[in-house]
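File shown here: final_17.csv, holding CSV, C-alpha atoms.
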```
chain,number,residue,atom,x,y,z
A,1,ASN,CA,37.9,8.9,-22.5
A,2,ALA,CA,37.0,10.0,-19.0
A,3,GLY,CA,33.3,9.3,-19.7
A,4,VAL,CA,30.9,11.3,-17.5
A,5,THR,CA,32.4,13.2,-14.6
A,6,GLN,CA,30.7,14.9,-11.7
A,7,THR,CA,31.9,17.2,-9.1
A,8,PRO,CA,31.8,17.4,-6.2
A,9,LYS,CA,31.4,13.8,-4.9
A,10,PHE,CA,30.0,15.0,-1.5
A,11,GLN,CA,28.5,18.2,-0.4
A,12,VAL,CA,26.9,19.5,2.7
A,13,LEU,CA,24.8,22.7,2.5
A,14,LYS,CA,22.7,24.7,4.9
A,15,THR,CA,19.1,25.5,4.1
A,16,GLY,CA,18.9,28.4,1.8
A,17,GLN,CA,22.4,28.2,0.3
A,18,SER,CA,22.8,27.8,-3.4
A,19,MET,CA,25.3,25.7,-5.3
A,20,THR,CA,26.0,24.2,-8.7
A,21,LEU,CA,26.6,20.5,-9.3
A,22,GLN,CA,29.0,20.1,-12.3
A,23,CYS,CA,28.6,17.4,-15.0
A,24,ALA,CA,30.9,17.0,-18.0
A,25,GLN,CA,31.2,14.3,-20.7
A,26,ASP,CA,33.9,13.9,-23.4
A,27,MET,CA,32.0,11.5,-25.7
A,28,ASN,CA,30.3,14.2,-27.8
A,29,HIS,CA,26.9,13.0,-26.6
A,30,GLU,CA,24.0,15.2,-27.5
A,31,TYR,CA,21.7,14.0,-24.8
A,32,MET,CA,22.4,14.7,-21.1
A,33,SER,CA,20.2,14.2,-18.1
A,34,TRP,CA,20.1,14.8,-14.3
A,35,TYR,CA,18.5,12.3,-12.0
A,36,ARG,CA,18.1,12.1,-8.2
A,37,GLN,CA,18.0,8.9,-6.3
A,38,ASP,CA,16.2,8.7,-2.9
A,39,PRO,CA,15.9,5.6,-0.6
A,40,GLY,CA,12.9,3.4,-1.6
A,41,MET,CA,12.3,5.2,-4.8
A,42,GLY,CA,13.6,4.8,-8.3
A,43,LEU,CA,15.8,7.3,-10.1
A,44,ARG,CA,13.7,10.4,-11.0
A,45,LEU,CA,14.5,12.7,-13.9
A,46,ILE,CA,15.1,16.4,-12.9
A,47,HIS,CA,16.0,18.1,-16.2
A,48,TYR,CA,17.4,16.9,-19.5
A,49,SER,CA,18.9,18.4,-22.6
A,50,VAL,CA,18.9,17.1,-26.2
A,51,GLY,CA,21.6,19.5,-27.3
A,52,ALA,CA,23.4,22.7,-26.6
A,53,GLY,CA,21.0,25.5,-25.9
A,54,ILE,CA,18.0,23.1,-25.5
A,55,THR,CA,16.8,22.0,-22.1
A,56,ASP,CA,13.5,20.6,-20.7
A,57,GLN,CA,11.9,19.7,-17.4
A,58,GLY,CA,11.7,16.1,-16.1
A,59,GLU,CA,9.5,14.6,-13.4
A,60,VAL,CA,10.9,16.7,-10.4
A,61,PRO,CA,12.2,20.0,-11.7
A,62,ASN,CA,11.2,22.4,-8.9
A,63,GLY,CA,14.1,24.0,-7.1
A,64,TYR,CA,16.6,23.2,-9.8
A,65,ASN,CA,17.9,25.1,-12.8
A,66,VAL,CA,19.9,23.9,-15.8
A,67,SER,CA,21.6,25.4,-18.8
A,68,ARG,CA,23.5,23.8,-21.7
A,69,SER,CA,25.9,26.3,-23.3
A,70,THR,CA,28.3,23.6,-24.6
A,71,THR,CA,27.9,19.9,-25.7
A,72,GLU,CA,30.3,18.8,-23.0
A,73,ASP,CA,28.8,20.5,-19.9
A,74,PHE,CA,25.4,20.3,-18.2
A,75,PRO,CA,25.5,22.0,-14.7
A,76,LEU,CA,22.6,21.6,-12.2
A,77,ARG,CA,21.9,24.6,-10.0
A,78,LEU,CA,20.2,24.5,-6.7
A,79,LEU,CA,18.7,27.9,-6.2
A,80,SER,CA,17.9,27.8,-2.5
A,81,ALA,CA,18.7,24.4,-0.9
A,82,ALA,CA,16.0,22.7,1.1
A,83,PRO,CA,16.3,19.5,3.3
A,84,SER,CA,14.0,17.8,0.7
A,85,GLN,CA,16.8,18.1,-1.8
A,86,THR,CA,19.0,15.8,0.3
A,87,SER,CA,19.7,13.0,-2.2
A,88,VAL,CA,22.2,11.4,-4.5
A,89,TYR,CA,22.4,13.1,-7.9
A,90,PHE,CA,23.4,11.4,-11.1
A,91,CYS,CA,24.2,12.9,-14.4
A,92,ALA,CA,23.9,10.7,-17.5
A,93,SER,CA,24.6,11.1,-21.3
A,94,ARG,CA,23.9,9.2,-24.5
A,95,SER,CA,24.1,9.6,-28.2
A,96,PRO,CA,20.9,10.3,-30.2
A,97,GLY,CA,20.1,8.4,-33.4
A,98,GLN,CA,17.7,6.1,-35.0
A,99,GLY,CA,18.9,3.2,-32.9
A,100,PHE,CA,18.9,2.8,-29.2
A,101,TYR,CA,22.0,3.8,-27.3
A,102,GLU,CA,23.0,3.0,-23.7
A,103,GLN,CA,23.1,5.6,-21.1
A,104,TYR,CA,26.5,6.5,-19.4
A,105,PHE,CA,26.2,7.6,-15.8
A,106,GLY,CA,28.5,9.7,-13.8
A,107,PRO,CA,29.7,8.5,-10.3
A,108,GLY,CA,27.1,10.6,-8.5
A,109,THR,CA,27.1,13.5,-6.0
A,110,ARG,CA,25.8,12.9,-2.5
A,111,LEU,CA,24.2,16.1,-1.2
A,112,THR,CA,23.1,16.7,2.3
A,113,VAL,CA,21.0,19.8,3.2
A,114,THR,CA,20.8,20.6,6.9
B,1,LYS,CA,0.6,2.2,-9.4
B,2,ASN,CA,4.1,2.8,-10.7
B,3,GLU,CA,4.7,2.5,-14.4
B,4,VAL,CA,7.6,0.1,-13.8
B,5,GLU,CA,7.4,-2.6,-11.2
B,6,GLN,CA,10.2,-5.0,-10.3
B,7,SER,CA,10.1,-8.2,-8.4
B,8,PRO,CA,11.3,-9.4,-6.1
B,9,GLN,CA,12.5,-6.4,-4.2
B,10,ASN,CA,15.3,-8.3,-2.5
B,11,LEU,CA,16.9,-11.7,-3.3
B,12,THR,CA,19.6,-13.7,-1.6
B,13,ALA,CA,21.2,-16.6,-3.5
B,14,GLN,CA,24.0,-19.0,-3.2
B,15,GLU,CA,26.9,-18.9,-5.6
B,16,GLY,CA,26.3,-20.8,-8.7
B,17,GLU,CA,22.5,-20.4,-8.7
B,18,PHE,CA,20.5,-19.4,-11.7
B,19,ILE,CA,18.8,-16.0,-10.9
B,20,THR,CA,15.8,-14.4,-12.6
B,21,ILE,CA,14.8,-10.7,-12.0
B,22,ASN,CA,11.5,-9.6,-13.4
B,23,CYS,CA,10.2,-6.2,-14.6
B,24,SER,CA,6.7,-5.3,-15.6
B,25,TYR,CA,5.6,-2.0,-17.1
B,26,SER,CA,2.2,-0.5,-17.9
B,27,VAL,CA,2.8,1.9,-20.8
B,28,GLY,CA,3.8,1.7,-24.4
B,29,ILE,CA,7.6,1.8,-24.7
B,30,SER,CA,10.2,2.3,-27.3
B,31,ALA,CA,12.9,0.6,-25.3
B,32,LEU,CA,13.6,-1.1,-22.0
B,33,HIS,CA,16.9,-0.7,-20.1
B,34,TRP,CA,18.5,-3.0,-17.5
B,35,LEU,CA,21.1,-1.2,-15.3
B,36,GLN,CA,23.4,-2.4,-12.5
B,37,GLN,CA,24.2,-0.3,-9.5
B,38,HIS,CA,27.2,-1.4,-7.5
B,39,PRO,CA,27.5,-1.2,-3.7
B,40,GLY,CA,29.7,1.8,-4.2
B,41,GLY,CA,26.9,3.6,-6.1
B,42,GLY,CA,28.1,3.6,-9.7
B,43,ILE,CA,25.5,2.8,-12.3
B,44,VAL,CA,26.3,0.8,-15.4
B,45,SER,CA,24.0,0.1,-18.4
B,46,LEU,CA,23.7,-3.7,-19.0
B,47,PHE,CA,21.2,-4.0,-21.8
B,48,MET,CA,18.8,-2.0,-24.0
B,49,LEU,CA,16.0,-4.0,-25.6
B,50,SER,CA,13.1,-3.2,-27.9
B,51,SER,CA,12.3,-6.8,-28.7
B,52,GLY,CA,13.5,-10.4,-28.3
B,53,LYS,CA,16.6,-11.4,-26.3
B,54,LYS,CA,20.1,-10.2,-25.7
B,55,LYS,CA,23.1,-12.0,-24.1
B,56,HIS,CA,26.3,-10.7,-22.7
B,57,GLY,CA,28.5,-13.2,-20.8
B,58,ARG,CA,26.5,-14.8,-18.0
B,59,LEU,CA,23.7,-12.2,-18.4
B,60,ILE,CA,20.6,-12.7,-20.6
B,61,ALA,CA,17.8,-10.2,-21.0
B,62,THR,CA,14.4,-11.0,-22.6
B,63,ILE,CA,11.4,-8.8,-23.4
B,64,ASN,CA,7.8,-9.7,-24.2
B,65,ILE,CA,6.2,-6.6,-25.7
B,66,GLN,CA,2.7,-8.1,-25.8
B,67,GLU,CA,2.8,-9.0,-22.1
B,68,LYS,CA,4.7,-5.8,-21.1
B,69,HIS,CA,7.3,-7.9,-19.3
B,70,SER,CA,11.1,-8.3,-19.2
B,71,SER,CA,13.4,-10.6,-17.4
B,72,LEU,CA,17.1,-10.5,-16.6
B,73,HIS,CA,18.7,-13.8,-16.0
B,74,ILE,CA,22.1,-14.4,-14.4
B,75,THR,CA,23.6,-17.9,-14.9
B,76,ALA,CA,26.2,-19.4,-12.6
B,77,SER,CA,25.9,-16.4,-10.2
B,78,HIS,CA,28.9,-15.1,-8.3
B,79,PRO,CA,29.3,-12.9,-5.3
B,80,ARG,CA,30.5,-10.1,-7.6
B,81,ASP,CA,27.0,-10.1,-9.1
B,82,SER,CA,25.8,-8.6,-5.8
B,83,ALA,CA,24.3,-5.3,-6.7
B,84,VAL,CA,21.0,-3.5,-7.3
B,85,TYR,CA,19.5,-4.2,-10.7
B,86,ILE,CA,17.3,-1.5,-12.1
B,87,CYS,CA,14.8,-1.7,-14.9
B,88,ALA,CA,13.8,1.5,-16.8
B,89,VAL,CA,11.7,2.2,-19.8
B,90,SER,CA,11.6,4.9,-22.5
B,91,HIS,CA,8.1,5.9,-23.5
B,92,GLN,CA,6.9,5.3,-27.1
B,93,GLY,CA,8.0,8.0,-29.5
B,94,GLY,CA,11.6,7.7,-28.3
B,95,SER,CA,11.1,10.1,-25.4
B,96,GLU,CA,14.3,11.0,-23.6
B,97,LYS,CA,12.5,10.6,-20.4
B,98,LEU,CA,13.3,7.3,-18.7
B,99,VAL,CA,11.0,6.0,-16.0
B,100,PHE,CA,12.8,3.7,-13.5
B,101,GLY,CA,11.7,0.9,-11.3
B,102,LYS,CA,12.8,0.9,-7.7
B,103,GLY,CA,15.4,-1.7,-8.3
B,104,MET,CA,16.1,-5.2,-6.9
B,105,LYS,CA,18.9,-5.8,-4.4
B,106,LEU,CA,20.7,-9.1,-5.1
B,107,THR,CA,23.1,-10.7,-2.7
B,108,VAL,CA,25.0,-13.7,-3.8
B,109,ASN,CA,26.7,-15.6,-0.9
B,110,PRO,CA,29.8,-17.7,-1.5
```
What would you get if you wrote out this structure as structure tokens?
Amino acid sequence: NAGVTQTPKFQVLKTGQSMTLQCAQDMNHEYMSWYRQDPGMGLRLIHYSVGAGITDQGEVPNGYNVSRSTTEDFPLRLLSAAPSQTSVYFCASRSPGQGFYEQYFGPGTRLTVT
Amino acid sequence: KNEVEQSPQNLTAQEGEFITINCSYSVGISALHWLQQHPGGGIVSLFMLSSGKKKHGRLIATINIQEKHSSLHITASHPRDSAVYICAVSHQGGSEKLVFGKGMKLTVNP
């Protein structure tokens, strides 16, 4: 299994540009999430999905869009990039169920908006 | 006040020392997670706890639900343990929304 993959690893955008961060997992996990990590702050949840066709907002959703058309993929779209969106972005997935299951994280995407 | 607080924020230790990292939280939770972030940035899940204690190799995680506190212990520390250790909680009700602490940077010197 490849686990959770993210592309690209690095990206530089100009203010106002749009782009999509890709996330895919091959573990058939229902739950997927997007986080951003900024210096001096903990990881913060942007959007999450509990299954194909179902998404919901996290703590910091403004400026981002998501969709979940398949179990495997959960892309994050930046509609009009702003310098405040400079961050490292992590995608994560896990299985649902009665028990508690660990989160699997992708390697991250480092985004700089100038 | 953050829902999840970690202490200390930074710790430097000598190889072989016993290390304790603390995490306190202020809300009712369904589970607490300990994660490790390597210097290269990758994040790995170490433990998930809802009660008691778990052990994996040289790592031991404990949780006290009444006191809203968890500890991560590293026995016989090694330079490869150098990383940021992150505590996160899932709210009661099994919410998918994890709330993270800011992390604790551990440096283990040879």
Using only C-alpha atoms, what does the table of chain B residues within 7 Å of chain A look like, with each row giving the shortest atom pair and its distance in Å to one decimal, sorted by chain and ascending number, as CSV?
```
residue,atom,partner,partner_atom,distance
B:Gly42,CA,A:Pro107,CA,5.2
B:Ile43,CA,A:Phe105,CA,6.0
B:Val44,CA,A:Phe105,CA,6.8
B:Ser45,CA,A:Glu102,CA,6.1
B:Met48,CA,A:Glu102,CA,6.5
B:Phe100,CA,A:Gly42,CA,5.4
B:Gly101,CA,A:Gly42,CA,5.3
B:Lys102,CA,A:Gly42,CA,4.0
B:Gly103,CA,A:Gly42,CA,6.7
```
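The list of residues with at least one atom within 8 Å of Gly63 of chain A, based on all atoms listed in the file and without residues fewer than 6 positions apart in the same chain, reads Leu78, Leu79, Ser80 and Ala81 of chain A.
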Could you pull the residues within 7 Å of Thr75 of chain B, counting only C-alpha atoms, minus those fewer than 2 positions along the same chain, as a ChimeraX atom specification? /B:17-19,58-59,73,77
Atom CA of Met27 of chain A and atom CA of Gly3 of chain A, how far apart in Å? 6.5 Å
Just checking: using only C-alpha atoms, which residue out of B:Ile86, B:Val99, B:Met104, B:Ile65 ends up closest to Gly28 of chain B? B:Ile65
What's the 9 Å shell around Ile63 of chain B, counting all atoms listed in the file, without same-chain residues fewer than 4 positions away, as a list in words?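 After dropping sequence-adjacent residues, the list is Leu32, Leu49, Ser50, Ser51, Gly52, Lys53, Glu67, Lys68, His69, Ser70 and Ser71 of chain B.
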Go ahead and dump the residues you just picked, C-alpha atoms, as an mmCIF file, in the coordinates of the input.
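The resulting file, again20.cif, is reproduced below:
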```cif
data_model
loop_
_atom_site.group_PDB
_atom_site.id
_atom_site.type_symbol
_atom_site.label_atom_id
_atom_site.label_comp_id
_atom_site.auth_asym_id
_atom_site.auth_seq_id
_atom_site.Cartn_x
_atom_site.Cartn_y
_atom_site.Cartn_z
ATOM 1 C CA LEU B 32 13.600 -1.100 -22.000
ATOM 2 C CA LEU B 49 16.000 -4.000 -25.600
ATOM 3 C CA SER B 50 13.100 -3.200 -27.900
ATOM 4 C CA SER B 51 12.300 -6.800 -28.700
ATOM 5 C CA GLY B 52 13.500 -10.400 -28.300
ATOM 6 C CA LYS B 53 16.600 -11.400 -26.300
ATOM 7 C CA GLU B 67 2.800 -9.000 -22.100
ATOM 8 C CA LYS B 68 4.700 -5.800 -21.100
ATOM 9 C CA HIS B 69 7.300 -7.900 -19.300
ATOM 10 C CA SER B 70 11.100 -8.300 -19.200
ATOM 11 C CA SER B 71 13.400 -10.600 -17.400
#
```
Tell me which protein, DNA and RNA residues are within 7 Å of Leu21 of chain A, counting only C-alpha atoms, leaving out same-chain ones fewer than 5 positions away, and put them as a ChimeraX atom specification. /A:7-8,75-77
So how far away is atom CA of Ser30 of chain B from atom CA of Ser7 of chain B, in Å? 21.6 Å
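A straight line drawn from atom CA of Arg36 of chain A to atom CA of Leu46 of chain B is 19.9 Å long.
The shortest atom-to-atom distance to Gly16 of chain A, with only C-alpha atoms taken into account, belongs to A:Ser84 out of A:Glu30, A:Ser84, A:Ala2, A:Pro61.
Using all atoms listed in the file, the residues found no farther than 9 Å from Val84 of chain B, other than those of its own chain fewer than 6 positions away, are Asn10, Leu35, Gln36, Gln37, His38, Pro39, Gly103, Met104, Lys105, Leu106 and Thr107 of chain B.
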May I have the residues from that selection written out with C-alpha atoms, as a JSON list (two decimals), keeping the file's coordinate frame?
```json
[["chain", "number", "residue", "atom", "x", "y", "z"],
["B", 10, "ASN", "CA", 15.30, -8.30, -2.50],
["B", 35, "LEU", "CA", 21.10, -1.20, -15.30],
["B", 36, "GLN", "CA", 23.40, -2.40, -12.50],
["B", 37, "GLN", "CA", 24.20, -0.30, -9.50],
["B", 38, "HIS", "CA", 27.20, -1.40, -7.50],
["B", 39, "PRO", "CA", 27.50, -1.20, -3.70],
["B", 103, "GLY", "CA", 15.40, -1.70, -8.30],
["B", 104, "MET", "CA", 16.10, -5.20, -6.90],
["B", 105, "LYS", "CA", 18.90, -5.80, -4.40],
["B", 106, "LEU", "CA", 20.70, -9.10, -5.10],
["B", 107, "THR", "CA", 23.10, -10.70, -2.70]]
```
Nearest-residue call for Asn1 of chain A, choices A:Ser18, A:Gln25, A:Gln85, A:Ser69, using only C-alpha atoms: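 Among A:Ser18, A:Gln25, A:Gln85, A:Ser69, it is A:Gln25 that comes nearest to Asn1 of chain A.
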Is it possible to get the residues within 10 Å of (20.6, 23.9, -26.7) (coordinates as in the file, counting all atoms listed in the file) written as an mmCIF file with C-alpha atoms, keeping the file's coordinate frame?
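Ended up saving to result.cif:
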```
data_model
loop_
_atom_site.group_PDB
_atom_site.id
_atom_site.type_symbol
_atom_site.label_atom_id
_atom_site.label_comp_id
_atom_site.auth_asym_id
_atom_site.auth_seq_id
_atom_site.Cartn_x
_atom_site.Cartn_y
_atom_site.Cartn_z
ATOM 1 C CA GLU A 30 24.000 15.200 -27.500
ATOM 2 C CA SER A 49 18.900 18.400 -22.600
ATOM 3 C CA VAL A 50 18.900 17.100 -26.200
ATOM 4 C CA GLY A 51 21.600 19.500 -27.300
ATOM 5 C CA ALA A 52 23.400 22.700 -26.600
ATOM 6 C CA GLY A 53 21.000 25.500 -25.900
ATOM 7 C CA ILE A 54 18.000 23.100 -25.500
ATOM 8 C CA THR A 55 16.800 22.000 -22.100
ATOM 9 C CA ASP A 56 13.500 20.600 -20.700
ATOM 10 C CA SER A 67 21.600 25.400 -18.800
ATOM 11 C CA ARG A 68 23.500 23.800 -21.700
ATOM 12 C CA SER A 69 25.900 26.300 -23.300
ATOM 13 C CA THR A 70 28.300 23.600 -24.600
ATOM 14 C CA THR A 71 27.900 19.900 -25.700
#
```
